[in-house]
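Below is input_7.csv, which holds CSV, C-alpha atoms.
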```
chain,number,residue,atom,x,y,z
A,28,MET,CA,53.1,129.5,38.3
A,29,LYS,CA,50.9,126.5,37.8
A,30,LEU,CA,50.7,123.9,35.1
A,31,SER,CA,48.2,121.1,34.8
A,32,ILE,CA,47.9,118.1,32.6
A,33,THR,CA,45.5,115.2,32.2
A,34,LEU,CA,47.2,112.0,31.0
A,35,LYS,CA,45.8,108.6,30.1
A,36,ASN,CA,47.0,105.4,31.9
A,37,ARG,CA,49.5,104.5,29.1
A,38,LEU,CA,53.3,104.6,29.2
A,39,SER,CA,53.5,106.6,25.9
A,40,ASP,CA,52.0,109.6,27.8
A,41,LEU,CA,55.2,109.9,29.8
A,42,LYS,CA,56.5,112.1,27.0
A,43,LYS,CA,53.8,114.7,27.7
A,44,LEU,CA,54.6,114.6,31.4
A,45,LYS,CA,58.3,115.3,30.7
A,46,ALA,CA,57.3,118.1,28.3
A,47,ILE,CA,55.5,120.0,31.1
A,48,VAL,CA,58.4,119.5,33.5
A,49,LEU,CA,60.6,121.1,30.8
A,50,LYS,CA,58.0,123.9,30.3
A,51,MET,CA,57.9,124.6,34.1
A,52,SER,CA,61.7,124.7,34.2
A,53,GLU,CA,61.7,127.7,31.8
A,54,SER,CA,59.7,129.8,34.3
A,55,ILE,CA,61.6,128.9,37.5
A,56,ASP,CA,65.2,129.3,38.7
A,57,CYS,CA,66.0,125.6,39.0
A,58,THR,CA,69.3,123.7,38.6
A,59,GLN,CA,69.6,120.9,36.1
A,60,ARG,CA,70.2,118.6,39.0
A,61,LYS,CA,67.0,119.5,40.8
A,62,LEU,CA,65.2,119.3,37.5
A,63,LYS,CA,66.3,115.7,37.1
A,64,GLU,CA,65.0,114.9,40.6
A,65,ILE,CA,61.6,116.4,39.8
A,66,ASP,CA,61.6,114.5,36.5
A,67,LEU,CA,62.3,111.3,38.3
A,68,ILE,CA,59.6,111.9,41.0
A,69,LEU,CA,57.0,112.5,38.3
A,70,GLU,CA,58.1,109.6,36.1
A,71,GLU,CA,58.0,107.1,39.0
A,72,LEU,CA,54.6,108.3,40.3
A,73,PHE,CA,53.0,108.2,36.9
A,74,THR,CA,54.5,104.9,35.7
A,75,ASN,CA,53.7,103.2,39.0
A,76,MET,CA,50.1,104.1,38.6
A,77,VAL,CA,50.0,103.0,34.9
A,78,ASN,CA,51.7,99.7,35.7
A,79,HIS,CA,50.0,98.8,39.0
A,80,GLY,CA,47.1,101.2,39.6
A,81,PHE,CA,44.3,99.7,37.4
A,82,SER,CA,43.0,96.2,37.2
A,83,ASP,CA,40.3,96.6,34.5
A,84,ASN,CA,41.8,97.1,30.9
A,85,LYS,CA,40.0,100.4,30.5
A,86,GLU,CA,41.3,103.9,29.8
A,87,HIS,CA,41.6,106.2,32.9
A,88,ASP,CA,42.5,109.8,33.5
A,89,ILE,CA,45.5,110.7,35.6
A,90,ASP,CA,45.5,114.4,36.6
A,91,ILE,CA,48.8,116.0,37.5
A,92,SER,CA,49.5,119.6,38.4
A,93,LEU,CA,52.7,121.4,39.3
A,94,SER,CA,52.6,124.7,41.3
A,95,CYS,CA,55.7,126.7,42.0
A,96,ASP,CA,56.7,129.5,44.3
A,97,ASP,CA,60.3,130.9,44.5
A,98,THR,CA,61.6,127.9,46.4
A,99,ASP,CA,59.1,125.0,46.4
A,100,MET,CA,57.2,122.9,43.9
A,101,VAL,CA,54.0,121.3,44.9
A,102,ILE,CA,53.1,118.2,42.9
A,103,ARG,CA,49.5,116.9,42.9
A,104,MET,CA,48.3,113.7,41.3
A,105,GLU,CA,44.7,112.5,41.3
A,106,ASP,CA,43.4,109.3,39.7
A,107,ASP,CA,40.6,106.8,40.1
A,108,GLY,CA,42.9,103.7,40.4
A,109,GLU,CA,43.1,101.1,43.2
A,110,PRO,CA,43.8,102.6,46.6
A,111,PHE,CA,47.5,103.2,46.9
A,112,ASP,CA,48.9,104.9,50.0
A,113,ILE,CA,52.5,105.7,49.1
A,114,ASN,CA,53.4,106.3,52.8
A,115,ALA,CA,52.3,102.7,53.8
A,116,LEU,CA,54.6,101.0,51.3
A,117,PRO,CA,57.6,99.4,53.1
A,118,PRO,CA,61.1,100.2,51.7
A,119,PRO,CA,62.7,97.5,49.5
A,120,ASP,CA,65.6,95.5,51.0
A,121,ILE,CA,68.5,97.0,49.1
A,122,ARG,CA,71.2,95.2,51.0
A,123,CYS,CA,70.2,91.6,50.5
A,124,ALA,CA,72.4,89.2,48.4
A,125,ILE,CA,72.1,89.7,44.7
A,126,GLU,CA,70.7,86.2,44.2
A,127,LYS,CA,67.7,87.1,46.4
A,128,ARG,CA,67.4,90.6,45.2
A,129,GLY,CA,64.1,91.5,43.4
A,130,ILE,CA,64.5,93.7,40.3
A,131,GLY,CA,61.4,95.9,41.0
A,132,GLY,CA,59.9,98.0,43.8
A,133,LEU,CA,62.5,100.9,43.5
A,134,GLY,CA,60.4,103.6,41.9
A,135,ILE,CA,58.4,104.6,45.0
A,136,HIS,CA,61.6,104.3,47.0
A,137,PHE,CA,63.2,106.9,44.7
A,138,VAL,CA,60.2,109.2,45.1
A,139,LYS,CA,60.4,109.1,48.9
A,140,HIS,CA,64.1,109.7,48.8
A,141,PHE,CA,63.9,112.9,46.6
A,142,ILE,CA,60.7,114.4,48.0
A,143,ASP,CA,60.5,116.7,51.1
A,144,GLU,CA,56.9,116.2,52.1
A,145,CYS,CA,54.2,113.8,51.1
A,146,ARG,CA,50.5,113.4,51.9
A,147,TYR,CA,48.0,110.8,50.6
A,148,TYR,CA,44.3,110.6,51.0
A,149,ARG,CA,41.4,108.9,49.4
A,150,LYS,CA,38.3,110.9,48.4
A,151,LYS,CA,35.3,109.8,46.4
A,152,ASN,CA,37.1,106.7,45.2
A,153,LYS,CA,40.0,108.7,44.0
A,154,ASN,CA,43.7,108.7,45.1
A,155,ILE,CA,45.1,112.1,45.8
A,156,ILE,CA,48.8,112.5,46.4
A,157,ILE,CA,50.3,115.9,47.3
A,158,MET,CA,54.0,116.4,47.5
A,159,LYS,CA,56.4,119.2,48.2
A,160,LYS,CA,59.8,119.4,46.6
A,161,LYS,CA,62.3,122.1,47.5
A,162,TYR,CA,64.1,123.1,44.3
A,163,ARG,CA,65.9,126.2,45.5
A,164,GLY,CA,67.5,127.6,48.6
B,6,MET,CA,68.9,107.6,24.4
B,7,GLU,CA,71.8,106.5,22.2
B,8,ILE,CA,74.0,103.5,22.7
B,9,PHE,CA,77.5,103.2,21.2
B,10,GLN,CA,78.7,99.6,21.6
B,11,GLU,CA,82.2,98.4,21.2
B,12,ASN,CA,84.2,95.3,21.9
B,13,VAL,CA,87.7,95.6,23.3
B,14,ASN,CA,89.6,92.4,24.1
B,15,GLY,CA,86.4,90.5,24.6
B,16,VAL,CA,84.9,93.1,26.9
B,17,GLU,CA,81.6,94.5,25.6
B,18,ILE,CA,81.4,98.2,26.4
B,19,PHE,CA,78.1,100.0,26.3
B,20,ASN,CA,78.5,103.8,26.1
B,21,VAL,CA,75.0,105.1,27.0
B,22,LYS,CA,74.1,108.6,26.2
B,23,GLY,CA,71.0,110.7,27.2
B,24,SER,CA,68.1,109.3,29.2
B,25,LEU,CA,67.3,105.8,30.4
B,26,ASP,CA,63.6,106.0,31.3
B,27,SER,CA,60.5,103.9,31.0
B,28,ASN,CA,60.3,104.6,27.3
B,29,THR,CA,63.9,104.0,26.3
B,30,SER,CA,64.9,101.1,28.7
B,31,PRO,CA,63.3,98.3,26.7
B,32,GLU,CA,65.7,99.0,23.7
B,33,PHE,CA,68.6,99.1,26.2
B,34,GLU,CA,67.5,95.7,27.5
B,35,THR,CA,67.3,94.3,24.0
B,36,ARG,CA,70.8,95.5,23.1
B,37,ILE,CA,72.3,93.9,26.3
B,38,TYR,CA,70.5,90.6,25.9
B,39,THR,CA,71.6,90.4,22.2
B,40,ALA,CA,75.2,90.7,23.4
B,41,LEU,CA,74.6,88.1,26.2
B,42,GLY,CA,73.0,85.8,23.6
B,43,ASN,CA,76.2,86.1,21.5
B,44,GLY,CA,78.2,84.7,24.5
B,45,ARG,CA,79.5,88.0,25.9
B,46,LYS,CA,80.3,87.6,29.6
B,47,LYS,CA,82.3,90.7,30.4
B,48,ILE,CA,80.3,93.9,30.3
B,49,ILE,CA,81.2,97.5,31.1
B,50,PHE,CA,78.5,100.2,31.2
B,51,ASN,CA,80.3,103.5,30.6
B,52,LEU,CA,77.8,106.1,31.8
B,53,GLU,CA,79.8,109.2,31.2
B,54,ASN,CA,77.2,110.7,28.9
B,55,LEU,CA,74.1,109.3,30.7
B,56,ASP,CA,72.2,112.4,32.1
B,57,TYR,CA,69.2,110.7,33.5
B,58,ILE,CA,68.1,107.3,34.8
B,59,SER,CA,64.8,106.1,36.4
B,60,SER,CA,63.8,102.8,38.1
B,61,ALA,CA,63.2,101.4,34.6
B,62,GLY,CA,66.9,101.7,33.7
B,63,ILE,CA,68.0,100.5,37.1
B,64,ARG,CA,65.7,97.4,36.7
B,65,VAL,CA,67.5,96.5,33.4
B,66,MET,CA,70.9,96.8,35.1
B,67,LEU,CA,69.8,94.8,38.1
B,68,LYS,CA,68.4,92.0,35.9
B,69,THR,CA,71.6,92.0,33.8
B,70,THR,CA,73.8,91.8,37.0
B,71,LYS,CA,71.8,88.9,38.4
B,72,ASP,CA,71.9,87.0,35.1
B,73,LEU,CA,75.6,87.6,34.5
B,74,LYS,CA,76.6,86.6,38.0
B,75,ARG,CA,74.7,83.3,37.5
B,76,GLN,CA,76.8,82.6,34.4
B,77,ASN,CA,80.0,83.6,36.2
B,78,GLY,CA,80.2,86.7,34.1
B,79,ASN,CA,81.6,90.1,35.0
B,80,ILE,CA,80.0,93.5,35.0
B,81,VAL,CA,81.5,96.9,35.9
B,82,LEU,CA,80.1,100.4,35.9
B,83,CYS,CA,82.1,103.6,35.3
B,84,SER,CA,82.0,107.3,34.9
B,85,LEU,CA,78.7,108.1,36.7
B,86,GLN,CA,77.5,111.6,36.8
B,87,ASP,CA,76.4,112.9,40.3
B,88,TYR,CA,72.7,112.4,39.8
B,89,VAL,CA,73.1,109.0,38.3
B,90,ARG,CA,75.5,108.0,41.1
B,91,GLU,CA,72.9,109.0,43.8
B,92,VAL,CA,70.2,106.8,42.1
B,93,PHE,CA,72.6,103.8,42.0
B,94,ASP,CA,73.6,104.4,45.6
B,95,ILE,CA,70.0,104.5,46.9
B,96,SER,CA,69.3,101.3,44.9
B,97,GLY,CA,72.1,99.5,46.8
B,98,PHE,CA,74.2,98.8,43.7
B,99,ASP,CA,77.6,99.4,45.4
B,100,GLY,CA,77.0,96.1,47.2
B,101,TYR,CA,76.7,94.1,43.9
B,102,LEU,CA,79.3,95.4,41.5
B,103,PRO,CA,82.3,97.7,41.2
B,104,ILE,CA,81.6,101.3,40.3
B,105,GLU,CA,84.8,102.9,38.9
B,106,LYS,CA,85.8,106.5,38.2
B,107,ASN,CA,86.6,106.1,34.6
B,108,LEU,CA,86.8,103.6,31.7
B,109,ASP,CA,90.5,102.8,32.2
B,110,GLU,CA,89.9,101.7,35.8
B,111,ALA,CA,86.9,99.7,34.7
B,112,MET,CA,89.1,97.9,32.1
B,113,LEU,CA,91.6,97.1,34.9
B,114,LYS,CA,88.9,95.8,37.2
B,115,ILE,CA,87.0,93.5,34.8
```

As C-alpha coordinates, how would this structure be written, given the file I've shared?
Amino acid sequence: MKLSITLKNRLSDLKKLKAIVLKMSESIDCTQRKLKEIDLILEELFTNMVNHGFSDNKEHDIDISLSCDDTDMVIRMEDDGEPFDINALPPPDIRCAIEKRGIGGLGIHFVKHFIDECRYYRKKNKNIIIMKKKYRG
Amino acid sequence: MEIFQENVNGVEIFNVKGSLDSNTSPEFETRIYTALGNGRKKIIFNLENLDYISSAGIRVMLKTTKDLKRQNGNIVLCSLQDYVREVFDISGFDGYLPIEKNLDEAMLKI
(Lines of atoms letter the chains of each structure in order from A and count residues from 1; the text may use other names and numbers.)
(Lines give C-alpha, C1' and ligand atoms only; values in the text may rest on other atoms or scores of the structure.)
Protein backbone atom coordinates (compact mmCIF):
# COMPACT_ATOMS: atom_id res chain seq x y z
CA MET A 1 0.00 0.00 0.00
CA LYS A 2 1.41 3.36 -1.00
CA LEU A 3 -0.04 6.87 -0.91
CA SER A 4 1.64 10.02 -2.21
CA ILE A 5 0.75 13.67 -2.01
CA THR A 6 2.29 16.94 -3.15
CA LEU A 7 1.66 19.81 -0.76
CA LYS A 8 2.48 23.50 -0.97
CA ASN A 9 4.55 25.24 1.70
CA ARG A 10 1.52 26.67 3.52
CA LEU A 11 0.06 25.62 6.86
CA SER A 12 -3.46 25.22 5.46
CA ASP A 13 -2.22 22.17 3.51
CA LEU A 14 -1.82 20.34 6.81
CA LYS A 15 -5.46 19.25 6.47
CA LYS A 16 -4.61 17.38 3.24
CA LEU A 17 -1.73 15.63 4.99
CA LYS A 18 -3.96 14.54 7.88
CA ALA A 19 -6.52 13.29 5.36
CA ILE A 20 -4.05 10.91 3.72
CA VAL A 21 -2.94 9.57 7.12
CA LEU A 22 -6.60 8.81 7.81
CA LYS A 23 -6.97 7.19 4.39
CA MET A 24 -3.92 5.02 5.01
CA SER A 25 -5.29 3.96 8.41
CA GLU A 26 -8.34 2.44 6.71
CA SER A 27 -6.10 0.00 4.82
CA ILE A 28 -3.75 -1.08 7.61
CA ASP A 29 -4.20 -2.74 11.00
CA CYS A 30 -3.04 0.12 13.18
CA THR A 31 -4.12 1.20 16.70
CA GLN A 32 -5.46 4.71 17.35
CA ARG A 33 -2.39 5.31 19.50
CA LYS A 34 0.08 4.49 16.71
CA LEU A 35 -2.02 6.51 14.32
CA LYS A 36 -1.64 9.60 16.55
CA GLU A 37 2.13 9.09 16.63
CA ILE A 38 2.25 8.88 12.82
CA ASP A 39 0.02 11.95 12.59
CA LEU A 40 2.42 13.81 14.90
CA ILE A 41 5.55 12.78 12.98
CA LEU A 42 4.05 14.02 9.71
CA GLU A 43 2.64 17.25 11.15
CA GLU A 44 5.98 18.16 12.74
CA LEU A 45 8.03 17.33 9.63
CA PHE A 46 5.71 19.30 7.37
CA THR A 47 5.16 22.36 9.59
CA ASN A 48 8.88 22.56 10.37
CA MET A 49 9.60 22.76 6.65
CA VAL A 50 6.81 25.31 6.05
CA ASN A 51 7.93 27.52 8.95
CA HIS A 52 11.72 27.27 8.59
CA GLY A 53 12.57 25.65 5.27
CA PHE A 54 12.23 28.46 2.76
CA SER A 55 13.75 31.91 2.82
CA ASP A 56 12.20 33.34 -0.41
CA ASN A 57 8.47 34.09 -0.24
CA LYS A 58 7.67 31.78 -3.12
CA GLU A 59 5.46 28.75 -3.41
CA HIS A 60 7.26 25.39 -3.17
CA ASP A 61 6.26 21.75 -3.48
CA ILE A 62 6.71 19.33 -0.62
CA ASP A 63 6.31 15.71 -1.74
CA ILE A 64 5.33 13.18 0.88
CA SER A 65 4.74 9.47 0.46
CA LEU A 66 3.66 6.76 2.88
CA SER A 67 4.36 3.08 2.15
CA CYS A 68 3.17 0.30 4.40
CA ASP A 69 3.78 -3.39 4.79
CA ASP A 70 2.20 -5.48 7.56
CA THR A 71 4.27 -3.97 10.35
CA ASP A 72 6.15 -0.86 9.20
CA MET A 73 5.39 2.45 7.58
CA VAL A 74 8.04 4.18 5.51
CA ILE A 75 7.64 7.95 5.33
CA ARG A 76 9.46 9.88 2.63
CA MET A 77 9.58 13.65 2.32
CA GLU A 78 11.28 15.57 -0.47
CA ASP A 79 11.50 19.34 -0.89
CA ASP A 80 13.71 22.01 -2.40
CA GLY A 81 14.10 23.99 0.85
CA GLU A 82 17.22 25.03 2.74
CA PRO A 83 19.48 22.09 3.67
CA PHE A 84 18.09 20.57 6.84
CA ASP A 85 19.73 17.49 8.32
CA ILE A 86 17.30 16.36 10.97
CA ASN A 87 19.94 14.08 12.52
CA ALA A 88 22.35 16.99 13.06
CA LEU A 89 19.92 19.02 15.17
CA PRO A 90 20.81 18.97 18.90
CA PRO A 91 17.99 18.10 21.33
CA PRO A 92 16.34 21.00 23.24
CA ASP A 93 17.16 21.45 26.93
CA ILE A 94 13.89 20.28 28.47
CA ARG A 95 15.14 20.35 32.06
CA CYS A 96 16.23 23.99 32.33
CA ALA A 97 14.41 26.48 34.59
CA ILE A 98 11.07 27.71 33.23
CA GLU A 99 12.39 31.29 33.09
CA LYS A 100 15.12 30.19 30.68
CA ARG A 101 13.03 27.75 28.73
CA GLY A 102 12.46 28.51 25.05
CA ILE A 103 8.96 27.79 23.74
CA GLY A 104 10.00 26.30 20.40
CA GLY A 105 12.27 23.59 19.04
CA LEU A 106 10.15 20.67 20.18
CA GLY A 107 8.69 19.47 16.89
CA ILE A 108 11.77 17.68 15.58
CA HIS A 109 12.46 16.38 19.10
CA PHE A 110 9.02 14.70 18.96
CA VAL A 111 9.73 13.25 15.51
CA LYS A 112 12.96 11.66 16.74
CA HIS A 113 11.23 10.29 19.82
CA PHE A 114 8.47 8.50 17.90
CA ILE A 115 10.38 7.31 14.83
CA ASP A 116 12.37 4.05 14.66
CA GLU A 117 14.84 4.86 11.87
CA CYS A 118 15.75 8.05 10.06
CA ARG A 119 18.00 8.85 7.09
CA TYR A 120 18.66 12.22 5.53
CA TYR A 121 20.47 13.14 2.37
CA ARG A 122 20.74 16.00 -0.06
CA LYS A 123 20.41 15.34 -3.78
CA LYS A 124 20.24 17.88 -6.63
CA ASN A 125 19.50 20.72 -4.21
CA LYS A 126 16.73 18.77 -2.55
CA ASN A 127 16.26 17.50 0.99
CA ILE A 128 15.25 13.86 1.17
CA ILE A 129 14.17 12.38 4.49
CA ILE A 130 13.29 8.70 4.79
CA MET A 131 11.89 7.34 8.03
CA LYS A 132 10.61 4.04 9.28
CA LYS A 133 7.89 3.74 11.89
CA LYS A 134 6.85 0.39 13.32
CA TYR A 135 3.10 0.52 13.74
CA ARG A 136 2.38 -3.09 14.60
CA GLY A 137 4.04 -6.03 16.33
CA MET B 1 -10.99 21.45 18.51
CA GLU B 2 -13.66 22.70 20.90
CA ILE B 3 -13.09 24.62 24.12
CA PHE B 4 -15.61 24.73 26.95
CA GLN B 5 -14.61 27.41 29.41
CA GLU B 6 -15.95 27.79 32.92
CA ASN B 7 -15.05 29.80 35.98
CA VAL B 8 -15.27 28.10 39.36
CA ASN B 9 -14.32 30.10 42.47
CA GLY B 10 -12.02 32.32 40.45
CA VAL B 11 -10.35 29.39 38.70
CA GLU B 12 -10.63 29.51 34.91
CA ILE B 13 -11.08 25.95 33.62
CA PHE B 14 -10.42 25.19 29.96
CA ASN B 15 -11.97 21.89 28.90
CA VAL B 16 -10.28 21.16 25.60
CA LYS B 17 -11.75 18.61 23.21
CA GLY B 18 -10.36 17.10 20.01
CA SER B 19 -7.11 18.13 18.46
CA LEU B 20 -4.58 20.87 19.33
CA ASP B 21 -2.48 21.12 16.18
CA SER B 22 -0.87 23.82 14.04
CA ASN B 23 -4.25 24.87 12.64
CA THR B 24 -6.26 24.95 15.88
CA SER B 25 -3.68 26.19 18.42
CA PRO B 26 -3.90 29.90 17.47
CA GLU B 27 -7.57 29.97 18.56
CA PHE B 28 -6.64 28.21 21.80
CA GLU B 29 -3.98 30.85 22.43
CA THR B 30 -6.47 33.67 21.79
CA ARG B 31 -8.96 32.18 24.28
CA ILE B 32 -6.28 31.83 26.98
CA TYR B 33 -4.87 35.32 26.53
CA THR B 34 -8.36 36.83 26.60
CA ALA B 35 -8.81 35.24 30.04
CA LEU B 36 -5.38 36.45 31.19
CA GLY B 37 -6.24 39.92 29.88
CA ASN B 38 -9.36 39.81 32.08
CA GLY B 39 -7.14 39.29 35.11
CA ARG B 40 -7.44 35.50 35.49
CA LYS B 41 -4.41 34.12 37.31
CA LYS B 42 -5.50 30.60 38.17
CA ILE B 43 -5.92 28.28 35.24
CA ILE B 44 -6.70 24.58 34.90
CA PHE B 45 -6.41 22.78 31.58
CA ASN B 46 -8.73 19.79 31.75
CA LEU B 47 -7.52 17.55 28.90
CA GLU B 48 -9.84 14.60 29.46
CA ASN B 49 -11.25 14.91 25.93
CA LEU B 50 -8.09 16.03 24.19
CA ASP B 51 -7.20 13.24 21.75
CA TYR B 52 -4.22 14.80 20.00
CA ILE B 53 -1.59 17.47 20.57
CA SER B 54 1.44 18.56 18.53
CA SER B 55 4.31 20.96 19.30
CA ALA B 56 2.03 23.86 18.29
CA GLY B 57 -0.27 23.10 21.25
CA ILE B 58 2.66 22.48 23.60
CA ARG B 59 4.14 25.82 22.56
CA VAL B 60 0.97 27.67 23.63
CA MET B 61 0.97 25.89 26.99
CA LEU B 62 4.66 26.61 27.59
CA LYS B 63 4.15 30.28 26.75
CA THR B 64 1.13 30.48 29.09
CA THR B 65 3.07 28.76 31.89
CA LYS B 66 6.01 31.16 31.54
CA ASP B 67 3.75 34.23 31.49
CA LEU B 68 1.59 33.11 34.41
CA LYS B 69 4.61 32.25 36.59
CA ARG B 70 5.98 35.72 35.92
CA GLN B 71 2.72 37.17 37.25
CA ASN B 72 2.70 34.80 40.27
CA GLY B 73 -0.24 32.96 38.76
CA ASN B 74 -1.02 29.28 39.00
CA ILE B 75 -1.55 26.64 36.37
CA VAL B 76 -2.43 22.97 36.69
CA LEU B 77 -3.06 20.27 34.08
CA CYS B 78 -5.34 17.31 34.59
CA SER B 79 -6.84 14.15 33.07
CA LEU B 80 -4.30 13.56 30.30
CA GLN B 81 -4.85 10.65 27.92
CA ASP B 82 -1.85 8.32 27.45
CA TYR B 83 -0.66 9.76 24.14
CA VAL B 84 -1.00 13.37 25.36
CA ARG B 85 0.81 12.46 28.60
CA GLU B 86 3.76 11.06 26.65
CA VAL B 87 4.04 14.25 24.58
CA PHE B 88 4.01 16.38 27.76
CA ASP B 89 6.58 14.10 29.39
CA ILE B 90 9.05 14.33 26.49
CA SER B 91 8.59 18.12 26.56
CA GLY B 92 9.76 18.21 30.20
CA PHE B 93 6.49 19.69 31.50
CA ASP B 94 6.46 17.69 34.73
CA GLY B 95 9.32 19.90 35.92
CA TYR B 96 7.26 23.08 35.47
CA LEU B 97 3.75 22.43 36.72
CA PRO B 98 1.56 19.88 38.49
CA ILE B 99 -0.13 17.24 36.32
CA GLU B 100 -3.07 15.74 38.21
CA LYS B 101 -5.15 12.62 37.59
CA ASN B 102 -8.52 14.38 37.55
CA LEU B 103 -10.26 17.73 37.89
CA ASP B 104 -11.00 17.29 41.61
CA GLU B 105 -7.32 16.86 42.40
CA ALA B 106 -6.46 19.79 40.14
CA MET B 107 -8.93 21.99 42.09
CA LEU B 108 -7.28 20.92 45.35
CA LYS B 109 -3.84 21.71 43.98
CA ILE B 110 -4.46 25.16 42.55

Next item on the list: With a distance threshold of 8 Å and counting all atoms listed in the file, extract the residues of chain B near chain A and express them as number ranges by chain.
Entry: B: 27-28, 57-60, 64, 67-68, 71, 88, 92, 95-97, 100-101

Check: So, counting only C-alpha atoms, which residue among A:Ser94, A:Asn36, A:Thr58, A:Asn75 is closest to Arg163 (chain A)?
Finding: A:Thr58

Leaving out Gly108 (chain A) and any residue of its chain fewer than 3 positions from it, which residues lie within 10 Å of it when counting all atoms listed in the file, given as a PDB file with C-alpha atoms, in the coordinates of the input?
```pdb
ATOM      1  CA  ASN A  36      47.000 105.400  31.900  1.00  0.00           C
ATOM      2  CA  MET A  76      50.100 104.100  38.600  1.00  0.00           C
ATOM      3  CA  VAL A  77      50.000 103.000  34.900  1.00  0.00           C
ATOM      4  CA  HIS A  79      50.000  98.800  39.000  1.00  0.00           C
ATOM      5  CA  GLY A  80      47.100 101.200  39.600  1.00  0.00           C
ATOM      6  CA  PHE A  81      44.300  99.700  37.400  1.00  0.00           C
ATOM      7  CA  SER A  82      43.000  96.200  37.200  1.00  0.00           C
ATOM      8  CA  ASP A  83      40.300  96.600  34.500  1.00  0.00           C
ATOM      9  CA  HIS A  87      41.600 106.200  32.900  1.00  0.00           C
ATOM     10  CA  ASP A  88      42.500 109.800  33.500  1.00  0.00           C
ATOM     11  CA  ILE A  89      45.500 110.700  35.600  1.00  0.00           C
ATOM     12  CA  GLU A 105      44.700 112.500  41.300  1.00  0.00           C
ATOM     13  CA  PHE A 111      47.500 103.200  46.900  1.00  0.00           C
ATOM     14  CA  ASN A 152      37.100 106.700  45.200  1.00  0.00           C
ATOM     15  CA  LYS A 153      40.000 108.700  44.000  1.00  0.00           C
ATOM     16  CA  ASN A 154      43.700 108.700  45.100  1.00  0.00           C
TER      17      ASN A 154
END
```

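Across the model, the gap from CA of Val89 (chain B) to CA of Ala115 (chain A) is 26.7 Å.
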
Near Ser31 (chain A), counting all atoms listed in the file, which residues have an atom at most 7 Å away, once you skip same-chain residues fewer than 5 positions from it, shown as a short mmCIF file (atom, residue, chain, number, x, y, z; two decimals) with C-alpha atoms, in the frame of the given file?
```cif
data_model
loop_
_atom_site.label_atom_id
_atom_site.label_comp_id
_atom_site.auth_asym_id
_atom_site.auth_seq_id
_atom_site.Cartn_x
_atom_site.Cartn_y
_atom_site.Cartn_z
CA ILE A 91 48.80 116.00 37.50
CA SER A 92 49.50 119.60 38.40
CA LEU A 93 52.70 121.40 39.30
#
```

Notebook entry, point to check: Could you tell me, as an NGL selection string, which residues have any atom at most 12 Å from (68.3, 96.6, 26.2), counting only C-alpha atoms?
Noted result: :B and (6-8 or 10 or 19 or 21 or 25-41 or 50 or 61-66 or 68-69)

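Atom to atom, CA of Val16 (chain B) and CA of Arg90 (chain B) stand 22.6 Å apart.
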
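Residue nearest Lys114 (chain B), chosen from B:Leu52, B:Gln86, B:Arg75, B:Lys47 and counting all atoms listed in the file: B:Lys47.
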
Checklist line | Gly15 (chain B) environment, 12 Å, all atoms listed in the file, sequence neighbours closer than 6 positions dropped, as a list in words | finding: Ala40, Asn43, Gly44, Arg45, Lys46, Lys47, Ile48, Ile49, Gly78, Asn79, Met112 and Ile115 of chain B

Note to self: Here is a test: counting only C-alpha atoms, which residue of A:Leu34, A:Ala46, A:Met158, A:Ile55 is nearest to Phe73 (chain A)?
What the structure shows: A:Leu34

Notebook entry, point to check: In Å, with one decimal, what is the gap from CA of Lys106 (chain B) to CA of Lys22 (chain B)?
Noted result: 16.9 Å

Work out where the centre of an axis-aligned box around every listed atom of region 66-82 of chain B lies and how long its edges are once 8 Å is added on each side; give both in Å to one decimal as lines of an AutoDock Vina configuration file.
```
center_x = 75.0
center_y = 91.5
center_z = 36.1
size_x = 29.2
size_y = 33.8
size_z = 20.6
```
